[in-house]
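Worksheet: the structure to be examined is printed underneath.
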Amino acid sequence: MSKRPRKWFAYGFWVLFFLAIAAGGIALKLRGKNQKKQSVPSVEVKLGDFIDYVDLRGEISVRSSTVITAPNNSGDLQILKLARNGFQVQKGDVVVEFDPSTLQRSADQARSALKQVEAEIARANAQQRQAEEQITTDRMSAEFTLQRAQLDVGTRDVIPAIDYEKIVLALQKAEQNIRELDSKMESRRIGTEADVAAINRRREKAKADLEQVEHNMTALVLTSPTDGIITLLPNSQSRVSLSGSSPPFRDGDRAYAGAAIAEIPDMSTLQGNTSVTEADRGRVTSGQTVILNIEAIPDREHKGQVKDISPLARLDYSDYLVTKNFGVTVQLENPDPRLQPGMMAGFHVEVERVHGSIVIPPETVFLKNGQTVVYVIADGIYQERPITLARRGAGQVMVSRGLKPGERIALKDPTLEQE
């Protein structure tokens, strides 16, 4: 054998040797990569219901309640005592008691005015009686003078003519005096009656003022008209807190006439109130199922249905961008007895449900080179597979092509695990 074939044989041997070593290294490297891939969390593909939600934010409220308001026409009002917020009251229990000092002074003034008017009436009546007695006395004297003059007229035949003329003049004067006294008495009577009537009107006004003040004093104590739980309302005259809301009424606060101090909600009319944006308005309809997450009661699921949607939008200025929102009312199913008006809640409105769908978590879907893909486990190795999505929802993705029930897919991108 020549030296050249031996040389080529030796050369080929070493090439094959190094290729084998390289192949073994690649196999070990791939094995390590596969072990990393197997450590990626995965989930099984199953058939289920695809449910799409619209997530809203709102609170629990009541359709009707009894509002307790400050009395009208009671002057300056200051709360002396106030029931605690959330306190259970029975019908007739005292809810609010106002300071009566101001009305007490008004009542004292009204009583003093009434006594003064009554004293004026008594004085006017006494003066009237005295004047009538004087006029009566004067008339009796005038009647006596008239009778004497009438007697003197009968002596016409026995007295001189000039004396008779004097008697006739005296008779006429007596008659005129009686007429003047009768007129004076009538005028006095009419004037006195007018004065007394004016004073009586003043007395009636003073009595009405006193009765009004006494009525207002009784209104300073407000009682509960029904059984329920007290909810103190915000005092709009108080300084606004850092959160932008007014604090509720408390002891010592002043209240204007007719101010709403507290309310007793009708717990049988509990409901959920929220709003939907203009973009989602067409997706929310009456009768849709709603799952409520009550922040104050996280240990149970609360259910309800969309009852009403406001046909008119209202502008929302709570953000930099002014939006249009529509009010939504949710009727609760079997309300938890722990629910209270004002509790904040998340509203998950079920706007769509597709039965028997292939539904996977959104974190299993990735975008690679312009394609939507998942990573399926096959023989212990994650394989990239394109899929077609039918719908996307809150926390769910519905797949129309590319996956079968029973397959397992990665919850993370395995290619990132290799880096």
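By convention here, the chains of the structure tokens are called A, B, ... in the order presented, each chain's residues are numbered starting at 1, and ligands are numbered starting at 1 in the order presented.
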May I have the residues within 12 Å of Gly370 of chain A as a list in words, using only C-alpha atoms and disregarding those fewer than 4 positions away in the same chain?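 Near Gly370 of chain A, the qualifying residues are Phe366, Pro386 and Ile387 of chain A.
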Export C-alpha atoms of the chosen residues as a compact mmCIF listing (two decimals), in the first residue's frame?
```
# COMPACT_ATOMS: atom_id res chain seq x y z
CA PHE A 366 -46.82 35.28 22.22
CA PRO A 386 -48.93 29.28 15.25
CA ILE A 387 -52.56 29.64 16.37
```
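Those residues that approach segment 250-255 of chain A to within 6 Å, counting only C-alpha atoms, are Leu77, Gln78, Ile79, Leu80, Lys81 and Leu82 of chain A; same-chain residues fewer than 2 positions away are not listed.
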Find the residues around Pro265 of chain A up to 8 Å (only C-alpha atoms counted), leave out those fewer than 5 positions away in its own chain, and share them as a PDB file with N, CA and C atoms, in the first residue's frame.
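Final output, part_0.pdb:
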```pdb
ATOM      1  N   VAL A  62     -78.906  52.470  48.080  1.00  0.00           N
ATOM      2  CA  VAL A  62     -80.301  52.064  48.272  1.00  0.00           C
ATOM      3  C   VAL A  62     -81.190  52.937  47.395  1.00  0.00           C
ATOM      4  N   SER A  64     -84.285  53.829  48.201  1.00  0.00           N
ATOM      5  CA  SER A  64     -85.061  54.750  49.034  1.00  0.00           C
ATOM      6  C   SER A  64     -84.480  54.785  50.437  1.00  0.00           C
ATOM      7  N   SER A  65     -84.660  55.915  51.082  1.00  0.00           N
ATOM      8  CA  SER A  65     -84.187  56.091  52.454  1.00  0.00           C
ATOM      9  C   SER A  65     -84.961  57.234  53.094  1.00  0.00           C
ATOM     10  N   THR A  66     -84.932  57.283  54.411  1.00  0.00           N
ATOM     11  CA  THR A  66     -85.568  58.356  55.168  1.00  0.00           C
ATOM     12  C   THR A  66     -84.494  59.351  55.579  1.00  0.00           C
ATOM     13  N   GLY A 228     -83.716  51.182  61.873  1.00  0.00           N
ATOM     14  CA  GLY A 228     -82.697  51.131  60.830  1.00  0.00           C
ATOM     15  C   GLY A 228     -81.326  51.490  61.351  1.00  0.00           C
ATOM     16  N   ILE A 229     -80.430  51.735  60.411  1.00  0.00           N
ATOM     17  CA  ILE A 229     -79.042  52.058  60.713  1.00  0.00           C
ATOM     18  C   ILE A 229     -78.781  53.498  60.270  1.00  0.00           C
ATOM     19  N   ILE A 230     -78.200  54.283  61.169  1.00  0.00           N
ATOM     20  CA  ILE A 230     -77.939  55.685  60.895  1.00  0.00           C
ATOM     21  C   ILE A 230     -76.733  55.826  59.965  1.00  0.00           C
ATOM     22  N   THR A 231     -76.913  56.642  58.950  1.00  0.00           N
ATOM     23  CA  THR A 231     -75.811  57.016  58.060  1.00  0.00           C
ATOM     24  C   THR A 231     -75.695  58.532  58.093  1.00  0.00           C
ATOM     25  N   PRO A 341     -74.833  50.720  52.549  1.00  0.00           N
ATOM     26  CA  PRO A 341     -74.704  51.745  51.499  1.00  0.00           C
ATOM     27  C   PRO A 341     -73.359  52.454  51.601  1.00  0.00           C
TER      28      PRO A 341
END
```
Could you pull out the residues in segment 152-325 of chain A that DSSP calls strand (DSSP E or B) from the backbone, as a ChimeraX atom specification? /A:221-223,228-229,231-232,234,248,254-255,260-265,270-277,289-294,302-316,323-325
Measuring between only C-alpha atoms, which one of A:Asp209, A:Ala124, A:Arg111, A:Ile178 shows the shortest distance to Ala142 of chain A?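 Residue with the minimum atom-to-atom distance to Ala142 of chain A: A:Ile178.
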Could you tell me how far atom CA of Pro337 of chain A sits from atom CA of Ile294 of chain A, in Å to one decimal place? 12.7 Å
Interatomic distance between atom CA of Phe249 of chain A and atom CA of Arg84 of chain A? 10.0 Å
Distance criterion (only C-alpha atoms): nearest to Ile291 of chain A out of A:Leu315, A:Val351, A:Ile409, A:Val376: A:Val351
Return the single residue from A:Ala206, A:Ile51, A:Asp182, A:Thr226 that is closest to Gln88 of chain A, with distances computed using only C-alpha atoms. A:Thr226
Between A:Arg123, A:His215, A:Lys205, A:Lys46, which has the minimum distance to Pro100 of chain A (counting only C-alpha atoms)?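 With only C-alpha atoms as the atom set, the closest residue is A:His215.
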Quick one: which segment 252-334 of chain A residues come within 7 Å of segment 67-76 of chain A, and what is the nearest atom pair for each with the distance in Å to one decimal, counting only C-alpha atoms, rows ordered by chain and ascending number, as a Markdown table?
```
| residue | atom | partner | partner_atom | distance |
| --- | --- | --- | --- | --- |
| A:Ala257 | CA | A:Asn72 | CA | 4.7 |
| A:Gly258 | CA | A:Ala70 | CA | 4.7 |
| A:Ala259 | CA | A:Ala70 | CA | 5.2 |
| A:Ala260 | CA | A:Thr69 | CA | 4.3 |
| A:Ile261 | CA | A:Thr69 | CA | 5.4 |
| A:Ala262 | CA | A:Ile68 | CA | 5.3 |
| A:Glu263 | CA | A:Val67 | CA | 4.2 |
| A:Ile264 | CA | A:Val67 | CA | 6.4 |
```
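Closest to Arg57 of chain A among A:Asp379, A:Asp93, A:Glu295, A:Glu175 is A:Glu295, based on only C-alpha atoms.
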Just the residues within 9 Å of Ser42 of chain A, please, counting only C-alpha atoms, with nothing from its chain fewer than 3 positions along; format it as a PyMOL selection string. chain A and resi 38-39+364+376-377+408-412
Atom CA of Glu211 of chain A and atom CA of Ala107 of chain A are how many Å apart?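 Between these atoms lies a distance of 8.7 Å.
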For Gln109 of chain A, please output as a ChimeraX atom specification all residues within 10 Å (counting only C-alpha atoms; exclusion window: fewer than 4 positions along the same chain). /A:103-105,113-115,206,209-210
List the spatial neighbours of Gly402 of chain A as a PDB file with C-alpha atoms, in the first residue's frame - criterion: any atom at most 12 Å away, only C-alpha atoms, same-chain residues fewer than 3 positions off excluded.
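Just written: part-v2.pdb:
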```pdb
ATOM      1  CA  VAL A  45     -55.586  23.064  27.062  1.00  0.00           C
ATOM      2  CA  ILE A 358     -60.869  26.212  23.584  1.00  0.00           C
ATOM      3  CA  VAL A 365     -49.893  33.642  23.791  1.00  0.00           C
ATOM      4  CA  THR A 372     -49.430  34.646  17.130  1.00  0.00           C
ATOM      5  CA  VAL A 373     -47.887  31.490  18.619  1.00  0.00           C
ATOM      6  CA  VAL A 374     -47.931  29.228  21.644  1.00  0.00           C
ATOM      7  CA  TYR A 375     -45.323  26.733  22.864  1.00  0.00           C
ATOM      8  CA  VAL A 376     -46.668  23.169  23.008  1.00  0.00           C
ATOM      9  CA  GLU A 384     -43.493  26.784  18.655  1.00  0.00           C
ATOM     10  CA  ARG A 385     -46.925  26.555  17.002  1.00  0.00           C
ATOM     11  CA  PRO A 386     -48.932  29.278  15.246  1.00  0.00           C
ATOM     12  CA  ILE A 387     -52.559  29.639  16.366  1.00  0.00           C
ATOM     13  CA  THR A 388     -55.607  31.643  15.309  1.00  0.00           C
ATOM     14  CA  LEU A 389     -57.451  33.661  17.938  1.00  0.00           C
ATOM     15  CA  ALA A 390     -61.217  34.044  17.778  1.00  0.00           C
ATOM     16  CA  MET A 398     -60.485  31.914  22.732  1.00  0.00           C
ATOM     17  CA  VAL A 399     -58.600  29.853  20.111  1.00  0.00           C
ATOM     18  CA  PRO A 405     -57.876  19.779  24.199  1.00  0.00           C
ATOM     19  CA  GLU A 407     -52.246  19.505  24.992  1.00  0.00           C
ATOM     20  CA  ILE A 409     -48.661  24.854  26.589  1.00  0.00           C
TER      21      ILE A 409
END
```
Which residue of A:Asn273, A:Thr136, A:Thr102, A:Gln116 approaches Gly342 of chain A most closely, using only C-alpha atoms: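 Using only C-alpha atoms, Gly342 of chain A sits closest to A:Asn273.
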DSSP on the backbone, alpha helix (DSSP H) only: what residues of segment 76-202 of chain A does that give? Format it as number ranges by chain. A: 101-153, 161-202
